[in-house]
file model07.pdb (PDB, C-alpha atoms and all ligand atoms)
MODEL        1
ATOM      1  CA  MET A1175      36.408 -44.978 -48.476  1.00  0.00           C
ATOM      2  CA  THR A1176      36.857 -41.477 -47.146  1.00  0.00           C
ATOM      3  CA  THR A1177      34.251 -40.230 -44.749  1.00  0.00           C
ATOM      4  CA  LYS A1178      33.287 -36.684 -45.398  1.00  0.00           C
ATOM      5  CA  SER A1179      30.044 -34.857 -45.132  1.00  0.00           C
ATOM      6  CA  THR A1180      27.911 -35.397 -48.201  1.00  0.00           C
ATOM      7  CA  HIS A1181      25.878 -32.259 -47.647  1.00  0.00           C
ATOM      8  CA  THR A1182      26.245 -29.017 -49.547  1.00  0.00           C
ATOM      9  CA  LYS A1183      26.666 -25.833 -47.550  1.00  0.00           C
ATOM     10  CA  LYS A1184      23.087 -24.841 -48.357  1.00  0.00           C
ATOM     11  CA  GLU A1185      21.747 -28.180 -47.091  1.00  0.00           C
ATOM     12  CA  LEU A1186      23.816 -27.895 -43.932  1.00  0.00           C
ATOM     13  CA  ASP A1187      22.574 -24.357 -43.318  1.00  0.00           C
ATOM     14  CA  ASP A1188      18.965 -25.509 -43.673  1.00  0.00           C
ATOM     15  CA  LEU A1189      19.536 -28.418 -41.302  1.00  0.00           C
ATOM     16  CA  ARG A1190      21.357 -26.206 -38.821  1.00  0.00           C
ATOM     17  CA  GLN A1191      18.437 -23.781 -38.835  1.00  0.00           C
ATOM     18  CA  ARG A1192      16.031 -26.648 -38.170  1.00  0.00           C
ATOM     19  CA  LEU A1193      18.171 -27.844 -35.285  1.00  0.00           C
ATOM     20  CA  LEU A1194      18.264 -24.341 -33.822  1.00  0.00           C
ATOM     21  CA  ASP A1195      14.480 -23.972 -34.194  1.00  0.00           C
ATOM     22  CA  GLU A1196      13.942 -27.325 -32.539  1.00  0.00           C
ATOM     23  CA  GLN A1197      16.387 -26.404 -29.780  1.00  0.00           C
ATOM     24  CA  ALA A1198      14.507 -23.154 -29.054  1.00  0.00           C
ATOM     25  CA  GLU A1199      11.191 -25.000 -28.966  1.00  0.00           C
ATOM     26  CA  LEU A1200      12.521 -27.673 -26.600  1.00  0.00           C
ATOM     27  CA  ASN A1201      13.993 -25.046 -24.293  1.00  0.00           C
ATOM     28  CA  ASP A1202      10.537 -23.420 -24.184  1.00  0.00           C
ATOM     29  CA  GLN A1203       9.004 -26.784 -23.278  1.00  0.00           C
ATOM     30  CA  LEU A1204      11.585 -27.300 -20.567  1.00  0.00           C
ATOM     31  CA  THR A1205      10.796 -23.895 -19.070  1.00  0.00           C
ATOM     32  CA  THR A1206       7.084 -24.736 -19.081  1.00  0.00           C
ATOM     33  CA  ILE A1207       7.691 -28.094 -17.404  1.00  0.00           C
ATOM     34  CA  GLU A1208       9.916 -26.512 -14.774  1.00  0.00           C
ATOM     35  CA  GLU A1209       7.397 -23.760 -14.053  1.00  0.00           C
ATOM     36  CA  THR A1210       4.634 -26.351 -13.699  1.00  0.00           C
ATOM     37  CA  SER A1211       6.723 -28.540 -11.402  1.00  0.00           C
ATOM     38  CA  PHE A1212       7.681 -25.534  -9.313  1.00  0.00           C
ATOM     39  CA  SER A1213       4.102 -24.382  -8.753  1.00  0.00           C
ATOM     40  CA  THR A1214       3.084 -27.957  -7.887  1.00  0.00           C
ATOM     41  CA  SER A1215       5.842 -28.458  -5.334  1.00  0.00           C
ATOM     42  CA  GLN A1216       5.097 -25.084  -3.746  1.00  0.00           C
ATOM     43  CA  SER A1217       1.781 -26.465  -2.511  1.00  0.00           C
ATOM     44  CA  ASP A1218       3.688 -29.254  -0.791  1.00  0.00           C
ATOM     45  CA  LEU A1219       5.172 -27.531   2.236  1.00  0.00           C
ATOM     46  CA  SER A1220       7.613 -30.305   3.110  1.00  0.00           C
ATOM     47  CA  GLY A1221       9.138 -30.063  -0.355  1.00  0.00           C
ATOM     48  CA  GLU A1222       9.368 -33.830  -0.401  1.00  0.00           C
ATOM     49  CA  VAL A1223       7.051 -36.303  -2.046  1.00  0.00           C
ATOM     50  CA  SER A1224       5.246 -38.396   0.551  1.00  0.00           C
ATOM     51  CA  PHE A1225       5.221 -42.114  -0.110  1.00  0.00           C
ATOM     52  CA  ASP A1226       2.531 -42.753   2.489  1.00  0.00           C
ATOM     53  CA  GLU A1227       0.284 -45.266   0.769  1.00  0.00           C
ATOM     54  CA  GLU A1228      -2.800 -44.021   2.578  1.00  0.00           C
ATOM     55  CA  ASN A1229      -2.332 -40.615   1.070  1.00  0.00           C
ATOM     56  CA  ALA A1230      -3.996 -40.899  -2.321  1.00  0.00           C
ATOM     57  CA  ASP A1231      -3.170 -37.304  -3.208  1.00  0.00           C
ATOM     58  CA  ALA A1232       0.518 -37.947  -2.756  1.00  0.00           C
ATOM     59  CA  GLY A1233       0.221 -40.919  -5.088  1.00  0.00           C
ATOM     60  CA  THR A1234      -1.356 -38.783  -7.757  1.00  0.00           C
ATOM     61  CA  PHE A1235       1.223 -36.120  -7.183  1.00  0.00           C
ATOM     62  CA  THR A1236       4.040 -38.646  -7.516  1.00  0.00           C
ATOM     63  CA  PHE A1237       2.560 -39.976 -10.718  1.00  0.00           C
ATOM     64  CA  GLU A1238       2.228 -36.516 -12.240  1.00  0.00           C
ATOM     65  CA  ARG A1239       5.666 -35.519 -11.112  1.00  0.00           C
ATOM     66  CA  GLU A1240       7.127 -38.673 -12.613  1.00  0.00           C
ATOM     67  CA  ARG A1241       5.299 -38.112 -15.832  1.00  0.00           C
ATOM     68  CA  ASP A1242       6.730 -34.594 -15.943  1.00  0.00           C
ATOM     69  CA  LEU A1243      10.153 -35.979 -15.172  1.00  0.00           C
ATOM     70  CA  SER A1244       9.969 -38.493 -17.975  1.00  0.00           C
ATOM     71  CA  ILE A1245       8.903 -35.781 -20.423  1.00  0.00           C
ATOM     72  CA  GLU A1246      11.663 -33.590 -19.045  1.00  0.00           C
ATOM     73  CA  ASN A1247      14.200 -36.383 -19.502  1.00  0.00           C
ATOM     74  CA  ASN A1248      13.072 -36.901 -23.080  1.00  0.00           C
ATOM     75  CA  VAL A1249      13.384 -33.203 -23.797  1.00  0.00           C
ATOM     76  CA  ARG A1250      16.834 -33.061 -22.196  1.00  0.00           C
ATOM     77  CA  ASP A1251      17.874 -36.161 -24.125  1.00  0.00           C
ATOM     78  CA  LEU A1252      16.761 -34.557 -27.376  1.00  0.00           C
ATOM     79  CA  LEU A1253      18.495 -31.286 -26.519  1.00  0.00           C
ATOM     80  CA  GLY A1254      21.714 -33.238 -25.927  1.00  0.00           C
ATOM     81  CA  LYS A1255      21.390 -34.877 -29.343  1.00  0.00           C
ATOM     82  CA  ILE A1256      20.774 -31.523 -31.005  1.00  0.00           C
ATOM     83  CA  ASP A1257      23.777 -30.088 -29.195  1.00  0.00           C
ATOM     84  CA  ARG A1258      26.002 -32.903 -30.431  1.00  0.00           C
ATOM     85  CA  ALA A1259      24.623 -32.572 -33.970  1.00  0.00           C
ATOM     86  CA  LEU A1260      25.513 -28.864 -33.971  1.00  0.00           C
ATOM     87  CA  THR A1261      29.010 -29.706 -32.697  1.00  0.00           C
ATOM     88  CA  ARG A1262      29.429 -32.276 -35.475  1.00  0.00           C
ATOM     89  CA  MET A1263      28.384 -29.625 -38.004  1.00  0.00           C
ATOM     90  CA  ASP A1264      31.144 -27.374 -36.705  1.00  0.00           C
ATOM     91  CA  GLU A1265      33.622 -30.238 -36.901  1.00  0.00           C
ATOM     92  CA  GLY A1266      32.510 -31.197 -40.402  1.00  0.00           C
ATOM     93  CA  THR A1267      31.497 -34.716 -39.374  1.00  0.00           C
ATOM     94  CA  TYR A1268      27.772 -34.099 -39.504  1.00  0.00           C
ATOM     95  CA  GLY A1269      25.731 -36.727 -41.363  1.00  0.00           C
ATOM     96  CA  ILE A1270      28.318 -39.460 -40.766  1.00  0.00           C
ATOM     97  CA  CYS A1271      27.177 -42.529 -38.858  1.00  0.00           C
ATOM     98  CA  SER A1272      29.020 -42.573 -35.552  1.00  0.00           C
ATOM     99  CA  ARG A1273      29.129 -46.347 -35.589  1.00  0.00           C
ATOM    100  CA  CYS A1274      29.975 -47.481 -39.114  1.00  0.00           C
ATOM    101  CA  GLY A1275      31.373 -44.202 -40.478  1.00  0.00           C
ATOM    102  CA  LYS A1276      29.184 -44.247 -43.579  1.00  0.00           C
ATOM    103  CA  PRO A1277      27.000 -41.303 -44.600  1.00  0.00           C
ATOM    104  CA  ILE A1278      23.574 -41.279 -42.944  1.00  0.00           C
ATOM    105  CA  GLU A1279      20.696 -41.403 -45.428  1.00  0.00           C
ATOM    106  CA  LYS A1280      19.709 -37.853 -46.392  1.00  0.00           C
ATOM    107  CA  ALA A1281      15.982 -38.591 -46.119  1.00  0.00           C
ATOM    108  CA  ARG A1282      16.598 -39.781 -42.574  1.00  0.00           C
ATOM    109  CA  LEU A1283      18.420 -36.573 -41.672  1.00  0.00           C
ATOM    110  CA  LYS A1284      15.613 -34.528 -43.203  1.00  0.00           C
ATOM    111  CA  ALA A1285      13.133 -36.278 -40.925  1.00  0.00           C
ATOM    112  CA  LEU A1286      15.390 -36.356 -37.847  1.00  0.00           C
ATOM    113  CA  PRO A1287      18.212 -33.838 -38.266  1.00  0.00           C
ATOM    114  CA  TYR A1288      19.833 -34.731 -34.930  1.00  0.00           C
ATOM    115  CA  VAL A1289      20.435 -38.463 -35.493  1.00  0.00           C
ATOM    116  CA  ASP A1290      24.005 -39.754 -35.502  1.00  0.00           C
ATOM    117  CA  LEU A1291      23.368 -43.318 -36.657  1.00  0.00           C
ATOM    118  CA  CYS A1292      22.415 -44.633 -40.078  1.00  0.00           C
ATOM    119  CA  ILE A1293      19.128 -46.576 -40.356  1.00  0.00           C
ATOM    120  CA  LYS A1294      20.882 -49.940 -40.173  1.00  0.00           C
ATOM    121  CA  ASP A1295      22.792 -49.098 -36.984  1.00  0.00           C
ATOM    122  CA  ALA A1296      19.818 -47.370 -35.374  1.00  0.00           C
ATOM    123  CA  GLN A1297      17.755 -50.516 -35.938  1.00  0.00           C
ATOM    124  CA  ALA A1298      20.541 -52.695 -34.592  1.00  0.00           C
ATOM    125  CA  GLN A1299      20.734 -50.502 -31.500  1.00  0.00           C
ATOM    126  CA  SER A1300      16.985 -50.499 -30.832  1.00  0.00           C
ATOM    127  CA  ARG A1301      16.924 -54.282 -31.011  1.00  0.00           C
ATOM    128  CA  ARG A1302      19.371 -54.594 -28.127  1.00  0.00           C
TER     129      ARG A1302
HETATM  130 ZN    ZN B   1      25.978 -46.914 -39.538  1.00  0.00          ZN
ENDMDL
END

call {"tool": "encode", "arguments": {"input": "model07.pdb", "output": "structure tokens"}}
result
Amino acid sequence: MTTKSTHTKKELDDLRQRLLDEQAELNDQLTTIEETSFSTSQSDLSGEVSFDEENADAGTFTFERERDLSIENNVRDLLGKIDRALTRMDEGTYGICSRCGKPIEKARLKALPYVDLCIKDAQAQSRR
């Protein structure tokens, strides 16, 4: 079985536009998170998070910073996936499962245009 993209040019263009929109939105989010983190750390003159257990404020600060970091990591993760999806579009391998080489379900790509695994392989991966 040959593995080639099963999408028409029109479908690919639509999906590419969605990826670009999503990418712009995530970059906005990242900027917001970074601005927020920056203004928070400015109030901390040492520039380091204190782990002193008696300092309740530092604990709260650490928690909020970590929450921001985990959101930031998610956003960066997603941006990486979008980046790779756009590269695959350029290479003509978009919509092909990177594990089994079969076409990824179109409905799945409509919902999540940046995925690179078919449903079966994505489920297998999340079970690990
Ligand atoms: Zn697969």

call {"tool": "closest_residue", "arguments": {"input": "model07.pdb", "among": "A:Lys1294, A:Arg1262, A:Arg1302, A:Arg1239", "to": "A:Glu1208", "atoms": "all atoms listed in the file"}}
result
A:Arg1239

call {"tool": "resolve_selection", "arguments": {"input": "model07.pdb", "expression": "the PyMOL selection byres (((not hetatm)) within 9 of (chain B and resi 1))", "output": "list in words"}}
result
Ile1270, Cys1271, Ser1272, Arg1273, Cys1274, Gly1275, Lys1276, Pro1277, Ile1278, Asp1290, Leu1291, Cys1292, Ile1293, Lys1294, Asp1295 and Ala1296 of chain A

call {"tool": "closest_residue", "arguments": {"input": "model07.pdb", "among": "A:Asp1202, A:Tyr1288, A:Glu1279, A:Asp1195", "to": "A:Thr1261", "atoms": "all atoms listed in the file"}}
result
A:Tyr1288

call {"tool": "atom_distance", "arguments": {"input": "model07.pdb", "atom1": "atom CA of A:Leu1260", "atom2": "atom CA of A:Asn1201"}}
result
15.5 Å

call {"tool": "atom_distance", "arguments": {"input": "model07.pdb", "atom1": "atom CA of A:Asp1242", "atom2": "atom CA of A:Ser1213"}}
result
12.8 Å

call {"tool": "axis_aligned_box", "arguments": {"input": "model07.pdb", "around": "stretch 1286-1297 of chain A", "padding_each_side": "5 Å", "output": "AutoDock Vina command-line options"}}
result
--center_x 19.7 --center_y -42.2 --center_z -37.6 --size_x 18.6 --size_y 26.7 --size_z 15.4
